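The structure file coords_2.cif is reproduced below (mmCIF, C-alpha atoms).
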```
data_upload
loop_
_atom_site.group_PDB
_atom_site.id
_atom_site.type_symbol
_atom_site.label_atom_id
_atom_site.label_comp_id
_atom_site.auth_asym_id
_atom_site.auth_seq_id
_atom_site.Cartn_x
_atom_site.Cartn_y
_atom_site.Cartn_z
ATOM 1 C CA MET N 1 -10.396 -1.458 0.929
ATOM 2 C CA LEU N 2 -7.597 -1.609 -1.620
ATOM 3 C CA TYR N 3 -5.323 -3.884 0.405
ATOM 4 C CA GLU N 4 -5.420 -5.605 3.759
ATOM 5 C CA GLU N 5 -2.661 -7.705 5.248
ATOM 6 C CA LYS N 6 -3.912 -9.849 8.067
ATOM 7 C CA ILE N 7 -1.802 -11.850 10.444
ATOM 8 C CA PRO N 8 -2.454 -15.624 10.260
ATOM 9 C CA LYS N 9 -4.367 -16.920 13.237
ATOM 10 C CA THR N 10 -3.243 -20.561 13.065
ATOM 11 C CA TRP N 11 -0.945 -20.436 16.097
ATOM 12 C CA ILE N 12 -3.471 -18.617 18.265
ATOM 13 C CA SER N 13 -6.169 -21.091 17.236
ATOM 14 C CA ILE N 14 -3.996 -24.106 18.080
ATOM 15 C CA THR N 15 -2.930 -22.752 21.471
ATOM 16 C CA THR N 16 -6.501 -21.733 22.325
ATOM 17 C CA VAL N 17 -7.810 -25.217 21.534
ATOM 18 C CA LEU N 18 -5.028 -26.765 23.651
ATOM 19 C CA TYR N 19 -5.687 -24.376 26.542
ATOM 20 C CA VAL N 20 -9.457 -24.873 26.508
ATOM 21 C CA GLY N 21 -9.034 -28.648 26.076
ATOM 22 C CA GLY N 22 -6.574 -28.847 28.968
ATOM 23 C CA ILE N 23 -8.709 -26.714 31.259
ATOM 24 C CA GLY N 24 -11.789 -28.738 30.238
ATOM 25 C CA ALA N 25 -10.030 -32.025 30.991
ATOM 26 C CA MET N 26 -8.946 -30.656 34.336
ATOM 27 C CA ALA N 27 -12.533 -29.566 35.047
ATOM 28 C CA VAL N 28 -13.892 -33.081 34.568
ATOM 29 C CA GLY N 29 -12.255 -34.342 37.724
ATOM 30 C CA THR N 30 -12.283 -31.238 39.904
ATOM 31 C CA VAL N 31 -15.140 -28.821 39.193
ATOM 32 C CA PRO N 32 -17.929 -30.052 41.435
ATOM 33 C CA ASP N 33 -15.684 -30.437 44.471
ATOM 34 C CA GLU N 34 -12.725 -28.109 43.892
ATOM 35 C CA LEU N 35 -14.044 -25.121 41.929
ATOM 36 C CA GLY N 36 -11.579 -22.691 43.542
ATOM 37 C CA LEU N 37 -8.612 -24.918 42.720
ATOM 38 C CA TRP N 38 -9.777 -25.272 39.118
ATOM 39 C CA LEU N 39 -10.248 -21.493 38.720
ATOM 40 C CA GLY N 40 -6.813 -20.854 40.228
ATOM 41 C CA LEU N 41 -5.091 -23.348 37.933
ATOM 42 C CA SER N 42 -6.995 -22.002 34.935
ATOM 43 C CA ALA N 43 -5.797 -18.477 35.705
ATOM 44 C CA MET N 44 -2.246 -19.680 36.354
ATOM 45 C CA PHE N 45 -2.065 -21.551 33.018
ATOM 46 C CA LEU N 46 -3.564 -18.524 31.263
ATOM 47 C CA VAL N 47 -0.988 -16.095 32.664
ATOM 48 C CA LEU N 48 2.092 -18.324 32.750
ATOM 49 C CA ILE N 49 1.645 -20.400 29.586
ATOM 50 C CA TYR N 50 -1.087 -19.195 27.214
ATOM 51 C CA LEU N 51 -0.304 -15.452 27.196
ATOM 52 C CA PRO N 52 3.502 -15.774 26.844
ATOM 53 C CA PHE N 53 3.090 -18.245 23.975
ATOM 54 C CA ASN N 54 0.754 -15.803 22.206
ATOM 55 C CA ALA N 55 2.441 -12.487 23.004
ATOM 56 C CA VAL N 56 4.215 -12.173 19.641
ATOM 57 C CA PRO N 57 1.220 -13.132 17.454
ATOM 58 C CA LEU N 58 -0.974 -10.720 19.403
ATOM 59 C CA SER N 59 1.566 -7.904 19.091
ATOM 60 C CA LYS N 60 1.830 -8.578 15.350
ATOM 61 C CA TYR N 61 -1.945 -8.239 15.171
ATOM 62 C CA PHE N 62 -1.901 -4.842 16.880
ATOM 63 C CA PHE N 63 1.308 -3.305 15.546
ATOM 64 C CA ASN N 64 1.885 -4.857 12.095
ATOM 65 C CA ARG N 65 -1.570 -5.078 10.530
ATOM 66 C CA ILE N 66 -1.573 -3.162 7.235
ATOM 67 C CA ARG N 67 -4.568 -1.607 5.464
ATOM 68 C CA ILE N 68 -4.698 0.648 2.435
ATOM 69 C CA ASP N 69 -8.079 2.228 1.829
ATOM 70 C CA GLY N 70 -8.859 5.269 -0.261
ATOM 71 C CA GLN N 71 -6.563 7.990 1.030
ATOM 72 C CA ILE N 72 -4.954 6.350 4.073
ATOM 73 C CA LEU N 73 -2.233 3.785 4.751
ATOM 74 C CA ARG N 74 -2.838 2.251 8.184
ATOM 75 C CA VAL N 75 -0.043 0.316 9.843
ATOM 76 C CA GLY N 76 -0.872 -0.845 13.332
ATOM 77 C CA ARG N 77 -1.916 2.233 15.280
ATOM 78 C CA GLU N 78 -0.561 4.777 12.787
ATOM 79 C CA ARG N 79 -2.279 6.410 9.850
ATOM 80 C CA ILE N 80 -0.323 7.949 6.992
ATOM 81 C CA ALA N 81 -2.008 9.858 4.192
ATOM 82 C CA LEU N 82 -1.180 8.353 0.800
ATOM 83 C CA ALA N 83 -0.563 11.888 -0.468
ATOM 84 C CA ASP N 84 2.347 12.160 2.002
ATOM 85 C CA ILE N 85 4.168 9.089 0.613
ATOM 86 C CA ASP N 86 6.901 9.652 -1.955
ATOM 87 C CA PRO N 87 6.034 7.559 -5.058
ATOM 88 C CA ALA N 88 9.711 7.351 -6.059
ATOM 89 C CA SER N 89 10.547 5.576 -2.783
ATOM 90 C CA VAL N 90 7.730 3.073 -3.349
ATOM 91 C CA HIS N 91 9.028 2.401 -6.852
ATOM 92 C CA ALA N 92 12.617 2.053 -5.564
ATOM 93 C CA ALA N 93 11.492 -0.374 -2.834
ATOM 94 C CA SER N 94 9.581 -2.477 -5.366
ATOM 95 C CA GLN N 95 12.722 -2.748 -7.523
ATOM 96 C CA GLN N 96 14.771 -4.233 -4.671
ATOM 97 C CA VAL N 97 15.437 -7.953 -4.561
ATOM 98 C CA VAL N 98 13.148 -9.883 -2.213
ATOM 99 C CA PRO N 99 15.340 -11.007 0.708
ATOM 100 C CA ASN N 100 15.706 -14.664 1.618
ATOM 101 C CA VAL N 101 14.935 -16.022 5.090
ATOM 102 C CA SER N 102 18.369 -15.407 6.597
ATOM 103 C CA GLN N 103 18.452 -11.843 5.263
ATOM 104 C CA ARG N 104 14.989 -11.189 6.747
ATOM 105 C CA TYR N 105 16.184 -12.429 10.157
ATOM 106 C CA ALA N 106 19.296 -10.244 9.999
ATOM 107 C CA THR N 107 17.315 -7.167 8.950
ATOM 108 C CA SER N 108 14.613 -7.680 11.572
ATOM 109 C CA ALA N 109 17.231 -8.115 14.308
ATOM 110 C CA GLY N 110 18.628 -4.669 13.509
ATOM 111 C CA ALA N 111 15.323 -2.816 13.025
ATOM 112 C CA ILE N 112 14.834 -1.570 16.586
ATOM 113 C CA ASP N 113 12.824 1.490 17.606
ATOM 114 C CA ALA N 114 12.330 1.046 21.353
ATOM 115 C CA PRO N 115 11.198 4.054 23.407
ATOM 116 C CA VAL N 116 14.429 4.048 25.371
ATOM 117 C CA PRO N 117 17.232 6.602 25.003
ATOM 118 C CA GLY N 118 19.890 5.094 22.768
ATOM 119 C CA LEU N 119 17.529 2.552 21.206
ATOM 120 C CA ARG N 120 15.339 4.956 19.226
ATOM 121 C CA ALA N 121 15.647 4.536 15.471
ATOM 122 C CA ALA N 122 16.836 8.140 15.169
ATOM 123 C CA ASP N 123 19.602 7.477 17.718
ATOM 124 C CA LEU N 124 20.725 4.398 15.781
ATOM 125 C CA GLY N 125 20.534 6.127 12.383
ATOM 126 C CA ASN N 126 17.718 3.836 11.186
ATOM 127 C CA PRO N 127 14.403 4.735 9.557
ATOM 128 C CA ARG N 128 11.471 5.182 11.958
ATOM 129 C CA LEU N 129 9.446 2.008 12.537
ATOM 130 C CA VAL N 130 5.771 2.532 11.704
ATOM 131 C CA GLY N 131 2.942 0.890 13.609
ATOM 132 C CA GLY N 132 3.799 1.349 17.273
ATOM 133 C CA GLY N 133 5.908 -1.745 17.888
ATOM 134 C CA TRP N 134 9.444 -1.643 19.249
ATOM 135 C CA SER N 135 10.994 -3.710 16.479
ATOM 136 C CA VAL N 136 10.287 -5.719 13.361
ATOM 137 C CA PRO N 137 9.217 -9.211 14.494
ATOM 138 C CA MET N 138 11.986 -11.735 13.911
ATOM 139 C CA GLY N 139 11.839 -13.181 10.428
ATOM 140 C CA MET N 140 9.281 -10.697 9.101
ATOM 141 C CA ASP N 141 10.180 -8.737 6.017
ATOM 142 C CA SER N 142 10.385 -4.953 6.143
ATOM 143 C CA VAL N 143 10.118 -2.247 3.537
ATOM 144 C CA VAL N 144 11.673 1.211 3.737
ATOM 145 C CA ILE N 145 9.746 4.014 2.054
ATOM 146 C CA ALA N 146 9.925 7.777 2.441
ATOM 147 C CA THR N 147 7.477 10.597 2.892
ATOM 148 C CA ARG N 148 7.464 13.678 0.696
ATOM 149 C CA GLN N 149 9.068 15.523 3.628
ATOM 150 C CA GLY N 150 12.043 13.126 3.441
ATOM 151 C CA GLU N 151 11.347 11.031 6.557
ATOM 152 C CA ALA N 152 12.347 7.394 6.049
ATOM 153 C CA LEU N 153 9.821 4.846 7.363
ATOM 154 C CA THR N 154 10.246 1.116 7.995
ATOM 155 C CA ILE N 155 7.089 -0.962 7.570
ATOM 156 C CA ALA N 156 7.032 -4.616 8.642
ATOM 157 C CA THR N 157 5.146 -6.737 6.123
ATOM 158 C CA ARG N 158 4.394 -10.391 5.537
ATOM 159 C CA ASP N 159 4.128 -10.028 1.751
ATOM 160 C CA ARG N 160 6.485 -7.370 0.403
ATOM 161 C CA THR N 161 5.472 -7.719 -3.230
ATOM 162 C CA ALA N 162 1.708 -7.544 -2.649
ATOM 163 C CA PHE N 163 2.082 -4.600 -0.258
ATOM 164 C CA LEU N 164 4.266 -2.579 -2.631
ATOM 165 C CA ASN N 165 2.035 -3.425 -5.601
ATOM 166 C CA ALA N 166 -1.017 -2.210 -3.674
ATOM 167 C CA LEU N 167 0.812 0.918 -2.550
ATOM 168 C CA GLY N 168 1.991 1.544 -6.109
ATOM 169 C CA GLY N 169 -1.533 0.805 -7.384
ATOM 170 C CA ALA N 170 -2.784 3.592 -5.190
ATOM 171 C CA GLY N 171 -0.220 5.642 -7.117
ATOM 172 C CA GLY N 172 -2.899 7.702 -8.790
ATOM 173 C CA ASP N 173 -3.709 8.964 -5.321
ATOM 174 C CA LEU N 174 -0.066 9.507 -4.283
#
```
Take the structure in the file and give it back as structure tokens.
Amino acid sequence: MLYEEKIPKTWISITTVLYVGGIGAMAVGTVPDELGLWLGLSAMFLVLIYLPFNAVPLSKYFFNRIRIDGQILRVGRERIALADIDPASVHAASQQVVPNVSQRYATSAGAIDAPVPGLRAADLGNPRLVGGGWSVPMGMDSVVIATRQGEALTIATRDRTAFLNALGGAGGDL
């Protein structure tokens, strides 16, 4: 593994501890007598509170996890051969100025690739979003690189510099 970008699990850990603690505290007074009520409330809190609060971190885990190993760049569910990536585009992306927080929010708000007519990246004139998600998560940085066939790709990343350095370091393989 040349590079792996994992999504922090702090938020999921905190919400899981709060959920389990709350359900445990509720169980103390109800479980022997009202098991059905406790199971119903546990399921309700899971579906109505826990899952919505963790939807974005879980989607980042599935769609924006980056791995570079040997000959393959993996972003979410997609695999791109390193030989197919244009090294000049990687070099050009690494020369760009790292955006500040407000610029990242503005860029991520416009990087949409939803599977709906009119909201596809091609329809909007934007590069295709890699990974399987519908957009770049708000506030996340994104990098635009190209394939040797000329297709522009947007990759959401948490650490632009480390990602581009690792991709450029695999340059002998590109």
Once the PyMOL selection byres ((chain N and resi 53-68) around 8) has been evaluated on this model, what residues remain selected, and can you format them as a ChimeraX atom specification?
/N:1-7,9,11-12,15,49-52,69-77,131-133,137,155-157,166-167
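Here atom CA of Gln103 of chain N and atom CA of His91 of chain N stand 20.9 Å from one another.
Put simply, the PyMOL selection byres ((chain N and resi 41) around 12) in this file takes in Tyr19, Gly22, Ile23, Gly24, Met26, Ala27, Thr30, Val31, Glu34, Leu35, Gly36, Leu37, Trp38, Leu39, Gly40, Ser42, Ala43, Met44, Phe45, Leu46, Val47, Leu48 and Ile49 of chain N.
Here the PyMOL selection byres ((chain N and resi 94) around 10) matches the residues Ala88, Ser89, Val90, His91, Ala92, Ala93, Gln95, Gln96, Val97, Val98, Val143, Ile145, Arg160, Thr161, Ala162, Phe163, Leu164, Asn165, Leu167 and Gly168 of chain N.
Here atom CA of Val101 of chain N stands at a distance of 6.8 Å from atom CA of Gly139 of chain N.
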I'd like to know which of N:Ser142, N:Val28, N:Val136, N:Leu153 is closest to Glu78 of chain N, using all atoms listed in the file.
N:Leu153
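You will find atom CA of Ser135 of chain N at 8.2 Å from atom CA of Gly110 of chain N.
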I want to know what sits within 7 Å of Trp134 of chain N, based on all atoms listed in the file, with residues of the same chain fewer than 3 positions away left out; could you give that as a PyMOL selection string?
chain N and resi 112-114
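Of the listed residues N:Ala146, N:Ala109, N:Val130, N:Leu124, the one whose atoms come nearest to Arg79 of chain N is N:Val130, with distances taken using only C-alpha atoms.
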